[in-house]
Amino acid sequence: MHVYNISFQITPNLQEQWLLWMKSKFIPMLVATDCFQSHQFYELELTSDQSPTYTMQLFATTPENLAQFTETFSSSLLDELQKTWGDQCFHFVTTMRIVN
């Protein structure tokens with residue numbers, strides 16, 4: 001199993017609006033690519049003085065599915081995230097392979 005991970009740090013006063021956008025727009029766009037078998041969306045448990053931080057993990061059954069996503073869809077979807085939220089949502093991407 002291969003994992004495409006996006007981590008997000010949100011400006012605190014936009015957290016509720018951002019969460020609604022993620023659930024109603026961004027996550028459905030990711031799922032619609034049909035590159036992933038499943039996904040999980042997490043909020044990190046931080047101290048109150050830290051900005052809200054989330055991570056999304058999308059699970060691909062083959063390296064080809066992950067490659068298809070990164071080559072075909074990732075740039076436009078991450079551009080949409082940047083266009084919508086700008087510097088109010090810092091994000092970065094990592095890929096992983098499950099080894100257990």
# chains A, B, ... in the order shown; residues from 1 in each chain; ligands from 1
>>> residues_around(residues="A:Thr70", least_positions_apart="6", cutoff="12 Å", atoms="only C-alpha atoms", output="PyMOL selection string")
chain A and resi 3-5+30+33+35-36+58+60+63-64+76-78+93-95
>>> write_last_selection(atoms="N, CA and C atoms", output="PDB file, in the first residue's frame")
ATOM      1  N   VAL A   3       1.018   5.575   0.227  1.00  0.00           N
ATOM      2  CA  VAL A   3       0.269   6.649   0.858  1.00  0.00           C
ATOM      3  C   VAL A   3       0.751   7.989   0.334  1.00  0.00           C
ATOM      4  N   TYR A   4      -0.212   8.799  -0.082  1.00  0.00           N
ATOM      5  CA  TYR A   4       0.035  10.191  -0.449  1.00  0.00           C
ATOM      6  C   TYR A   4      -0.457  10.997   0.735  1.00  0.00           C
ATOM      7  N   ASN A   5       0.445  11.713   1.391  1.00  0.00           N
ATOM      8  CA  ASN A   5       0.134  12.442   2.615  1.00  0.00           C
ATOM      9  C   ASN A   5       0.246  13.942   2.359  1.00  0.00           C
ATOM     10  N   LEU A  30     -10.253  14.966  -4.642  1.00  0.00           N
ATOM     11  CA  LEU A  30      -9.210  13.944  -4.520  1.00  0.00           C
ATOM     12  C   LEU A  30      -9.776  12.551  -4.770  1.00  0.00           C
ATOM     13  N   THR A  33     -10.573  11.303  -8.420  1.00  0.00           N
ATOM     14  CA  THR A  33      -9.503  10.884  -9.327  1.00  0.00           C
ATOM     15  C   THR A  33      -9.473   9.369  -9.510  1.00  0.00           C
ATOM     16  N   CYS A  35      -7.770   7.289  -7.988  1.00  0.00           N
ATOM     17  CA  CYS A  35      -6.410   6.767  -7.810  1.00  0.00           C
ATOM     18  C   CYS A  35      -6.214   6.112  -6.448  1.00  0.00           C
ATOM     19  N   PHE A  36      -7.164   6.324  -5.536  1.00  0.00           N
ATOM     20  CA  PHE A  36      -6.982   5.864  -4.169  1.00  0.00           C
ATOM     21  C   PHE A  36      -8.108   4.936  -3.744  1.00  0.00           C
ATOM     22  N   LEU A  58      -4.047   9.477   1.733  1.00  0.00           N
ATOM     23  CA  LEU A  58      -4.778   8.827   0.649  1.00  0.00           C
ATOM     24  C   LEU A  58      -4.039   7.548   0.306  1.00  0.00           C
ATOM     25  N   ALA A  60      -3.176   4.312  -1.911  1.00  0.00           N
ATOM     26  CA  ALA A  60      -3.155   3.727  -3.249  1.00  0.00           C
ATOM     27  C   ALA A  60      -2.683   2.285  -3.153  1.00  0.00           C
ATOM     28  N   PRO A  63       1.924   1.231  -6.813  1.00  0.00           N
ATOM     29  CA  PRO A  63       2.744   2.406  -7.122  1.00  0.00           C
ATOM     30  C   PRO A  63       2.273   3.096  -8.404  1.00  0.00           C
ATOM     31  N   GLU A  64       1.674   2.344  -9.315  1.00  0.00           N
ATOM     32  CA  GLU A  64       1.156   2.939 -10.553  1.00  0.00           C
ATOM     33  C   GLU A  64      -0.005   3.888 -10.280  1.00  0.00           C
ATOM     34  N   SER A  76      -2.699  20.266 -10.302  1.00  0.00           N
ATOM     35  CA  SER A  76      -3.905  21.091 -10.438  1.00  0.00           C
ATOM     36  C   SER A  76      -4.688  21.154  -9.131  1.00  0.00           C
ATOM     37  N   LEU A  77      -4.743  20.046  -8.393  1.00  0.00           N
ATOM     38  CA  LEU A  77      -5.475  20.061  -7.128  1.00  0.00           C
ATOM     39  C   LEU A  77      -4.765  20.908  -6.073  1.00  0.00           C
ATOM     40  N   LEU A  78      -3.450  20.800  -5.999  1.00  0.00           N
ATOM     41  CA  LEU A  78      -2.711  21.620  -5.040  1.00  0.00           C
ATOM     42  C   LEU A  78      -2.721  23.087  -5.451  1.00  0.00           C
ATOM     43  N   VAL A  93       3.622  17.998   0.982  1.00  0.00           N
ATOM     44  CA  VAL A  93       3.262  16.645   0.576  1.00  0.00           C
ATOM     45  C   VAL A  93       4.427  15.692   0.825  1.00  0.00           C
ATOM     46  N   THR A  94       4.098  14.500   1.301  1.00  0.00           N
ATOM     47  CA  THR A  94       5.063  13.407   1.380  1.00  0.00           C
ATOM     48  C   THR A  94       4.385  12.153   0.835  1.00  0.00           C
ATOM     49  N   THR A  95       5.186  11.221   0.370  1.00  0.00           N
ATOM     50  CA  THR A  95       4.661   9.917  -0.020  1.00  0.00           C
ATOM     51  C   THR A  95       5.348   8.868   0.838  1.00  0.00           C
TER      52      THR A  95
END
>>> select_by_dssp(residues="chain A", states="alpha helix (DSSP H)", output="PyMOL selection string")
chain A and resi 15-21+27-31+63-72+74-85
>>> closest_residue(among="A:Phe41, A:Trp18, A:Phe73, A:Tyr54", to="A:Gly86", atoms="only C-alpha atoms")
A:Trp18
>>> select_by_dssp(residues="chain A", states="strand (DSSP E)", output="PyMOL selection string")
chain A and resi 2-10+38-43+53-60+89-97
>>> atom_distance(atom1="atom CA of A:Gln50", atom2="atom CA of A:Lys83")
24.0 Å
>>> residues_around(residues="A:Asp34", least_positions_apart="2", cutoff="10 Å", atoms="only C-alpha atoms", output="list in words")
Met29, Leu30, Val31, Ala32, Phe36, Gln37, Ser38, Ala60, Asn65, Gln68 and Phe69 of chain A
>>> write_last_selection(atoms="N, CA and C atoms", output="tab-separated table (two decimals), in the first residue's frame")
chain	number	residue	atom	x	y	z
A	29	MET	N	-12.80	16.13	-4.61
A	29	MET	CA	-11.98	16.22	-5.82
A	29	MET	C	-10.87	15.17	-5.80
A	30	LEU	N	-10.25	14.97	-4.64
A	30	LEU	CA	-9.21	13.94	-4.52
A	30	LEU	C	-9.78	12.55	-4.77
A	31	VAL	N	-10.90	12.26	-4.16
A	31	VAL	CA	-11.53	10.95	-4.30
A	31	VAL	C	-11.97	10.71	-5.75
A	32	ALA	N	-12.42	11.74	-6.43
A	32	ALA	CA	-12.92	11.61	-7.80
A	32	ALA	C	-11.84	11.21	-8.80
A	36	PHE	N	-7.16	6.32	-5.54
A	36	PHE	CA	-6.98	5.86	-4.17
A	36	PHE	C	-8.11	4.94	-3.74
A	37	GLN	N	-7.74	3.95	-2.93
A	37	GLN	CA	-8.70	2.99	-2.42
A	37	GLN	C	-9.50	3.60	-1.26
A	38	SER	N	-8.82	4.40	-0.43
A	38	SER	CA	-9.47	5.00	0.73
A	38	SER	C	-8.65	6.20	1.19
A	60	ALA	N	-3.18	4.31	-1.91
A	60	ALA	CA	-3.16	3.73	-3.25
A	60	ALA	C	-2.68	2.29	-3.15
A	65	ASN	N	-0.89	3.51	-9.34
A	65	ASN	CA	-1.98	4.41	-8.96
A	65	ASN	C	-1.45	5.71	-8.38
A	68	GLN	N	0.10	7.74	-11.17
A	68	GLN	CA	-0.94	8.36	-11.99
A	68	GLN	C	-1.45	9.63	-11.32
A	69	PHE	N	-1.67	9.56	-10.01
A	69	PHE	CA	-2.15	10.75	-9.30
A	69	PHE	C	-1.12	11.87	-9.36
>>> atom_distance(atom1="atom CA of A:Met1", atom2="atom CA of A:Gln40")
14.0 Å
>>> closest_residue(among="A:Ile6, A:Ser48, A:Arg97, A:Trp21", to="A:Thr61", atoms="only C-alpha atoms")
A:Arg97
>>> atom_distance(atom1="atom CA of A:Thr55", atom2="atom CA of A:Gln15")
13.6 Å
